[in-house]
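Asker: Input file: structure07.cif. Contents: mmCIF, C-alpha atoms.
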```cif
data_data
#
loop_
_atom_site.label_atom_id
_atom_site.label_comp_id
_atom_site.auth_asym_id
_atom_site.auth_seq_id
_atom_site.Cartn_x
_atom_site.Cartn_y
_atom_site.Cartn_z
CA MET M 1 2.60 -20.67 -22.20
CA ALA M 2 3.25 -16.98 -22.86
CA ARG M 3 5.69 -16.58 -25.73
CA PRO M 4 8.76 -14.40 -25.19
CA ARG M 5 8.79 -10.92 -26.65
CA PHE M 6 12.25 -10.52 -28.04
CA GLY M 7 14.18 -7.35 -27.55
CA GLY M 8 14.87 -5.48 -24.36
CA THR M 9 15.91 -8.57 -22.40
CA VAL M 10 19.40 -9.08 -23.82
CA PRO M 11 22.10 -7.28 -21.80
CA GLY M 12 25.07 -5.51 -23.23
CA ALA M 13 26.99 -6.08 -26.40
CA MET M 14 27.88 -9.56 -27.62
CA ASP M 15 30.15 -11.01 -30.23
CA GLU M 16 28.95 -11.86 -33.69
CA HIS M 17 29.00 -15.64 -33.15
CA LEU M 18 26.78 -15.37 -30.07
CA LYS M 19 24.40 -13.08 -31.96
CA GLN M 20 24.08 -15.64 -34.73
CA LEU M 21 23.50 -18.47 -32.27
CA LEU M 22 20.78 -16.54 -30.51
CA ALA M 23 19.10 -15.40 -33.74
CA LEU M 24 19.02 -18.96 -35.08
CA ALA M 25 17.77 -20.33 -31.75
CA ARG M 26 14.91 -17.81 -31.75
CA GLN M 27 14.05 -18.70 -35.32
CA HIS M 28 13.78 -22.41 -34.47
CA PHE M 29 11.81 -21.57 -31.33
CA GLU M 30 9.27 -19.47 -33.25
CA GLN M 31 8.86 -22.35 -35.71
CA ASN M 32 8.24 -24.75 -32.78
CA GLU M 33 11.42 -26.66 -33.65
CA TYR M 34 12.17 -27.04 -29.96
CA ASP M 35 14.89 -29.69 -30.18
CA LYS M 36 16.97 -27.53 -32.49
CA ALA M 37 16.23 -24.41 -30.46
CA GLU M 38 17.19 -26.04 -27.16
CA TYR M 39 20.51 -27.29 -28.55
CA LEU M 40 21.45 -23.75 -29.61
CA LEU M 41 20.09 -22.07 -26.49
CA ARG M 42 22.25 -24.28 -24.29
CA GLN M 43 25.29 -23.20 -26.30
CA VAL M 44 24.28 -19.59 -25.67
CA VAL M 45 24.01 -20.23 -21.93
CA GLU M 46 27.50 -21.78 -21.90
CA GLN M 47 28.89 -18.53 -23.29
CA ASN M 48 26.65 -16.05 -21.49
CA ASP M 49 24.10 -16.89 -18.79
CA ARG M 50 22.64 -13.39 -18.48
CA PHE M 51 19.90 -13.54 -21.12
CA ALA M 52 16.44 -13.59 -19.52
CA ASP M 53 14.62 -14.48 -22.72
CA VAL M 54 16.93 -17.47 -23.28
CA TYR M 55 15.86 -18.91 -19.93
CA ASN M 56 12.23 -18.15 -20.72
CA MET M 57 12.49 -20.06 -23.99
CA LEU M 58 14.21 -22.96 -22.23
CA GLY M 59 11.37 -22.91 -19.70
CA VAL M 60 8.73 -23.08 -22.43
CA ILE M 61 10.57 -25.99 -24.06
CA ALA M 62 10.87 -27.87 -20.75
CA HIS M 63 7.18 -27.28 -20.04
CA SER M 64 6.21 -28.60 -23.48
CA ASN M 65 8.23 -31.75 -22.69
CA GLY M 66 6.39 -32.20 -19.39
CA ASP M 67 9.46 -31.39 -17.28
CA PHE M 68 7.74 -28.88 -15.01
CA GLU M 69 10.49 -28.82 -12.39
CA ARG M 70 13.11 -27.77 -14.94
CA ALA M 71 10.64 -25.32 -16.47
CA GLN M 72 10.15 -23.67 -13.09
CA LYS M 73 13.89 -23.29 -12.55
CA ASN M 74 14.32 -21.69 -15.97
CA PHE M 75 11.44 -19.27 -15.48
CA GLU M 76 12.74 -18.35 -12.02
CA ARG M 77 16.13 -17.58 -13.53
CA ALA M 78 14.49 -15.44 -16.23
CA VAL M 79 12.60 -13.45 -13.58
CA GLU M 80 15.76 -13.14 -11.49
CA LEU M 81 17.59 -11.64 -14.45
CA SER M 82 14.68 -9.40 -15.50
CA PRO M 83 12.14 -8.80 -12.69
CA SER M 84 9.81 -6.84 -15.01
CA TYR M 85 9.69 -9.64 -17.62
CA THR M 86 5.91 -10.17 -17.70
CA GLU M 87 5.87 -13.29 -19.90
CA ALA M 88 8.37 -15.09 -17.67
CA ARG M 89 6.35 -14.17 -14.58
CA LEU M 90 3.17 -15.46 -16.17
CA ASN M 91 4.86 -18.66 -17.29
CA LEU M 92 6.23 -19.17 -13.79
CA MET M 93 2.72 -18.80 -12.37
CA VAL M 94 1.37 -21.33 -14.86
CA VAL M 95 4.03 -23.95 -14.10
CA CYS M 96 3.57 -23.48 -10.33
CA ASN M 97 -0.11 -24.13 -10.89
CA ASP M 98 0.70 -27.24 -12.96
CA LEU M 99 2.87 -28.49 -10.09
CA GLY M 100 0.08 -27.91 -7.57
CA ARG M 101 2.00 -25.10 -5.86
CA TYR M 102 -1.06 -22.89 -5.61
CA ASP M 103 0.17 -20.71 -2.75
CA GLN M 104 3.31 -19.89 -4.70
CA ALA M 105 1.25 -19.11 -7.80
CA ARG M 106 -0.95 -16.72 -5.83
CA GLY M 107 2.12 -15.07 -4.34
CA LEU M 108 3.56 -14.53 -7.80
CA TYR M 109 0.30 -13.00 -8.92
CA ALA M 110 0.28 -10.64 -5.95
CA ALA M 111 3.86 -9.65 -6.73
CA LEU M 112 2.95 -9.00 -10.35
CA ARG M 113 0.12 -6.69 -9.33
CA ASP M 114 2.37 -4.89 -6.84
CA THR M 115 5.15 -4.27 -9.35
CA GLY M 116 5.81 -0.56 -9.29
CA SER M 117 6.11 -0.14 -13.03
CA GLY M 118 3.31 2.39 -13.19
CA HIS M 119 1.67 0.42 -15.99
CA ALA M 120 -1.24 -2.02 -15.79
CA PRO M 121 -0.60 -5.51 -17.21
CA ASP M 122 -1.83 -5.88 -20.78
CA SER M 123 -5.14 -7.50 -21.66
CA PHE M 124 -3.56 -10.80 -22.64
CA ALA M 125 -1.70 -11.02 -19.35
CA MET M 126 -4.79 -10.24 -17.29
CA GLY M 127 -6.78 -12.83 -19.20
CA ARG M 128 -4.18 -15.49 -18.51
CA ILE M 129 -4.12 -14.61 -14.83
CA ALA M 130 -7.93 -14.77 -14.68
CA ASN M 131 -7.88 -18.23 -16.25
CA MET M 132 -5.17 -19.29 -13.82
CA HIS M 133 -7.47 -18.33 -10.93
CA ALA M 134 -10.18 -20.44 -12.57
CA GLU M 135 -7.83 -23.44 -12.74
CA ILE M 136 -6.95 -23.05 -9.08
CA ALA M 137 -10.67 -22.78 -8.29
CA GLN M 138 -11.27 -26.07 -10.10
CA ALA M 139 -8.55 -27.71 -8.01
CA TYR M 140 -10.24 -26.47 -4.83
CA SER M 141 -13.62 -27.73 -6.07
CA ASP M 142 -12.13 -31.12 -6.84
CA ILE M 143 -11.08 -31.56 -3.19
CA GLY M 144 -14.35 -30.25 -1.76
CA MET M 145 -13.38 -26.68 -0.83
CA PRO M 146 -16.12 -24.55 -2.44
CA GLY M 147 -15.37 -21.47 -0.35
CA GLU M 148 -11.80 -21.31 -1.64
CA ALA M 149 -13.03 -22.05 -5.17
CA ALA M 150 -15.47 -19.14 -4.97
CA ARG M 151 -12.75 -16.78 -3.76
CA GLU M 152 -10.50 -17.70 -6.68
CA LEU M 153 -13.31 -17.25 -9.17
CA GLU M 154 -14.24 -13.89 -7.64
CA LYS M 155 -10.66 -12.79 -8.37
CA ALA M 156 -10.95 -14.12 -11.92
CA VAL M 157 -14.23 -12.29 -12.54
CA ALA M 158 -12.82 -9.08 -11.03
CA LEU M 159 -9.94 -9.23 -13.51
CA ARG M 160 -12.08 -10.13 -16.51
CA PRO M 161 -15.78 -9.38 -15.88
CA SER M 162 -16.50 -9.88 -19.58
CA PHE M 163 -15.45 -13.57 -19.43
CA LEU M 164 -18.96 -14.98 -19.09
CA ASP M 165 -17.75 -18.55 -18.70
CA LEU M 166 -15.85 -17.56 -15.55
CA ARG M 167 -18.84 -15.67 -14.18
CA THR M 168 -21.06 -18.69 -14.83
CA LYS M 169 -18.61 -21.04 -13.12
CA LEU M 170 -18.68 -18.73 -10.10
CA ALA M 171 -22.48 -18.79 -10.11
CA VAL M 172 -22.47 -22.60 -10.20
CA VAL M 173 -20.12 -22.74 -7.22
CA TYR M 174 -22.45 -20.42 -5.29
CA ARG M 175 -25.48 -22.44 -6.39
CA ASP M 176 -23.96 -25.72 -5.21
CA ALA M 177 -23.02 -24.08 -1.90
CA GLY M 178 -26.65 -23.01 -1.43
CA ASP M 179 -26.06 -19.29 -1.99
CA LEU M 180 -28.76 -18.91 -4.62
CA LEU M 181 -29.00 -15.12 -4.40
CA ARG M 182 -25.37 -14.57 -5.37
CA ALA M 183 -25.62 -17.27 -8.02
CA LYS M 184 -28.67 -15.67 -9.62
CA GLU M 185 -27.07 -12.22 -9.59
CA HIS M 186 -24.00 -13.42 -11.54
CA LEU M 187 -26.22 -15.32 -13.96
CA ARG M 188 -28.43 -12.26 -14.43
CA ILE M 189 -25.35 -10.26 -15.46
CA ALA M 190 -24.19 -13.01 -17.82
CA ARG M 191 -27.63 -13.32 -19.44
CA GLU M 192 -27.98 -9.57 -19.86
CA THR M 193 -24.51 -9.35 -21.37
CA ASP M 194 -25.18 -12.10 -23.90
CA ALA M 195 -28.75 -13.37 -24.21
CA ASN M 196 -27.52 -16.33 -26.26
CA PHE M 197 -24.99 -17.56 -23.71
CA VAL M 198 -26.50 -20.99 -23.16
CA GLN M 199 -24.43 -22.04 -20.13
CA ALA M 200 -25.73 -19.12 -18.06
CA ARG M 201 -29.33 -19.75 -19.08
CA LEU M 202 -29.04 -23.45 -18.27
CA ALA M 203 -27.54 -22.75 -14.84
CA PHE M 204 -30.28 -20.19 -14.17
CA ALA M 205 -32.93 -22.75 -15.13
CA SER M 206 -31.43 -25.26 -12.71
CA ILE M 207 -31.85 -22.74 -9.88
CA LEU M 208 -35.45 -22.03 -10.89
CA LEU M 209 -36.13 -25.76 -10.81
CA GLN M 210 -34.54 -25.98 -7.38
CA GLU M 211 -36.76 -23.14 -6.17
CA GLY M 212 -39.88 -24.74 -7.64
CA GLN M 213 -40.42 -21.91 -10.12
CA LEU M 214 -41.47 -24.36 -12.81
CA THR M 215 -43.12 -21.98 -15.27
CA SER M 216 -40.07 -19.70 -15.29
CA ALA M 217 -37.74 -22.70 -15.53
CA LYS M 218 -39.63 -24.04 -18.55
CA ALA M 219 -39.47 -20.66 -20.27
CA GLU M 220 -35.72 -20.47 -19.69
CA LEU M 221 -35.17 -23.99 -21.00
CA GLU M 222 -37.33 -23.38 -24.05
CA GLU M 223 -35.15 -20.36 -24.79
CA VAL M 224 -32.05 -22.54 -24.54
CA LEU M 225 -33.62 -24.98 -27.01
CA ARG M 226 -34.47 -22.13 -29.34
CA ILE M 227 -30.77 -21.21 -29.37
CA GLN M 228 -29.55 -24.83 -29.51
CA PRO M 229 -32.44 -27.10 -30.55
CA ASN M 230 -30.64 -30.36 -29.76
CA HIS M 231 -29.21 -29.40 -26.37
CA LYS M 232 -29.52 -32.71 -24.47
CA ILE M 233 -29.27 -31.34 -20.94
CA ALA M 234 -31.86 -28.66 -21.65
CA GLN M 235 -34.17 -31.35 -23.02
CA MET M 236 -33.69 -33.43 -19.87
CA TYR M 237 -34.30 -30.46 -17.58
CA LEU M 238 -37.43 -29.54 -19.51
CA ARG M 239 -38.82 -33.04 -19.10
CA THR M 240 -38.03 -32.82 -15.39
CA ALA M 241 -39.89 -29.51 -15.15
CA LYS M 242 -42.94 -30.93 -16.91
CA ILE M 243 -42.96 -34.02 -14.69
CA ALA M 244 -42.70 -31.86 -11.58
CA GLU M 245 -45.45 -29.58 -12.89
CA GLY M 246 -47.71 -32.59 -13.51
CA SER M 247 -47.05 -33.92 -10.02
CA ALA M 248 -47.93 -30.54 -8.52
CA HIS M 249 -51.32 -30.57 -10.28
CA ASN M 250 -52.21 -34.05 -9.01
#
```
Show me, as structure tokens, the structure contained in the file I just sent.
Answerer:
Amino acid sequence: MARPRFGGTVPGAMDEHLKQLLALARQHFEQNEYDKAEYLLRQVVEQNDRFADVYNMLGVIAHSNGDFERAQKNFERAVELSPSYTEARLNLMVVCNDLGRYDQARGLYAALRDTGSGHAPDSFAMGRIANMHAEIAQAYSDIGMPGEAARELEKAVALRPSFLDLRTKLAVVYRDAGDLLRAKEHLRIARETDANFVQARLAFASILLQEGQLTSAKAELEEVLRIQPNHKIAQMYLRTAKIAEGSAHN
């Protein structure tokens, strides 16, 4: 979960006792002493329920305890109190995803992008959103909806084109759907970006095998084994290529 950034989310002046409670609660929270933090945060809420970061911390604690429903309510309250609170918005998207509420998660993402702050979300935030799209894509793949999975991964890659694992996952979805041209294009980009990125080379080799380009497939697999000499799948694919090549010569 995204950790709260303290400061800027606490409204108005408060008495000294409340300040001390909140400071101690934050200290326990930062030290991952969630039981102690929660006890103090609930005392804060009893005295003043207008602190967005308090609800965000309570949401993180509830999420860590597996209570996703309570976590969602806390994050929603944090966003209600502070609509521009990026960490709370991100955490709310994550917990909606955990609860399988994918449409709501996508809606929250759209709202985040449409926020008229005039500032683009920071790199960390965009990375988390990209990975959230990848998680949703996996859920679609798990229930046999490759088209929806590809659309989610396209969004992820658009947000973070340098995340080669996401680009490779997208290529694999296209490959399995029979769209080899798109798959090869994404793998070409991944391989050119990082020649040692084994996952992209292995996926590319699998397409070459599928197309019957055995010489090229063997060269790709031998390169994988140069990078990782004991890569079991690459070894298996290479044996397959050699068997297929032998059969073609008979």
Asker: Residues at most 7 Å from range 183-194 of chain M, counting all atoms listed in the file, excluding those fewer than 2 positions away in the same chain, as a PDB file with C-alpha atoms, in the coordinates of the input?
Answerer:
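The resulting file, selection-v5.pdb, is reproduced below:
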```pdb
ATOM      1  CA  LEU M 164     -18.960 -14.980 -19.090  1.00  0.00           C
ATOM      2  CA  ARG M 167     -18.840 -15.670 -14.180  1.00  0.00           C
ATOM      3  CA  THR M 168     -21.060 -18.690 -14.830  1.00  0.00           C
ATOM      4  CA  ALA M 171     -22.480 -18.790 -10.110  1.00  0.00           C
ATOM      5  CA  VAL M 172     -22.470 -22.600 -10.200  1.00  0.00           C
ATOM      6  CA  TYR M 174     -22.450 -20.420  -5.290  1.00  0.00           C
ATOM      7  CA  ARG M 175     -25.480 -22.440  -6.390  1.00  0.00           C
ATOM      8  CA  ASP M 179     -26.060 -19.290  -1.990  1.00  0.00           C
ATOM      9  CA  LEU M 180     -28.760 -18.910  -4.620  1.00  0.00           C
ATOM     10  CA  LEU M 181     -29.000 -15.120  -4.400  1.00  0.00           C
ATOM     11  CA  ASN M 196     -27.520 -16.330 -26.260  1.00  0.00           C
ATOM     12  CA  PHE M 197     -24.990 -17.560 -23.710  1.00  0.00           C
ATOM     13  CA  ALA M 200     -25.730 -19.120 -18.060  1.00  0.00           C
ATOM     14  CA  ARG M 201     -29.330 -19.750 -19.080  1.00  0.00           C
ATOM     15  CA  PHE M 204     -30.280 -20.190 -14.170  1.00  0.00           C
TER      16      PHE M 204
END
```
Asker: Selected by the PyMOL selection byres ((chain M and resi 75-77) around 9) in the shown coordinates: which residues, as a list in words?
Answerer: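 When the PyMOL selection byres ((chain M and resi 75-77) around 9) is applied to the shown file, the picked residues are Ala52, Tyr55, Asn56, Met57, Leu58, Gly59, Val60, Arg70, Ala71, Gln72, Lys73, Asn74, Ala78, Val79, Glu80, Leu81, Ser82, Ala88, Arg89, Asn91, Leu92 and Val95 of chain M.
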Asker: For Ala234 in chain M, find every residue with an atom within 9 Å (counting all atoms listed in the file), except residues of its own chain fewer than 2 positions away, and show them as a list of chain:residue names.
Answerer: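 The neighbour list is M:Leu202, M:Ala205, M:Leu221, M:Glu222, M:Val224, M:Leu225, M:Asn230, M:His231, M:Lys232, M:Met236, M:Tyr237, M:Leu238, M:Arg239.
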Asker: Tell me which protein, DNA and RNA residues are within 12 Å of Val94 in chain M, counting all atoms listed in the file, leaving out same-chain ones fewer than 3 positions away, and put them as JSON, numbers by chain.
Answerer: {"M": [1, 2, 59, 60, 63, 68, 71, 72, 75, 87, 88, 89, 90, 91, 97, 98, 99, 100, 101, 102, 104, 105, 106, 108, 109, 125, 128, 129, 130, 131, 132, 133, 134, 135, 136]}
Asker: Just want the 8 Å neighbourhood of range 41-47 of chain M, counted on all atoms listed in the file, with same-chain residues fewer than 6 positions away dropped. Output as an mmCIF file with C-alpha atoms, keeping the file's coordinate frame.
Answerer:
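Saved result, around_24.cif, follows:
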```cif
data_model
loop_
_atom_site.group_PDB
_atom_site.id
_atom_site.type_symbol
_atom_site.label_atom_id
_atom_site.label_comp_id
_atom_site.auth_asym_id
_atom_site.auth_seq_id
_atom_site.Cartn_x
_atom_site.Cartn_y
_atom_site.Cartn_z
ATOM 1 C CA LEU M 18 26.780 -15.370 -30.070
ATOM 2 C CA LEU M 21 23.500 -18.470 -32.270
ATOM 3 C CA LEU M 22 20.780 -16.540 -30.510
ATOM 4 C CA ALA M 25 17.770 -20.330 -31.750
ATOM 5 C CA VAL M 54 16.930 -17.470 -23.280
ATOM 6 C CA LEU M 58 14.210 -22.960 -22.230
#
```
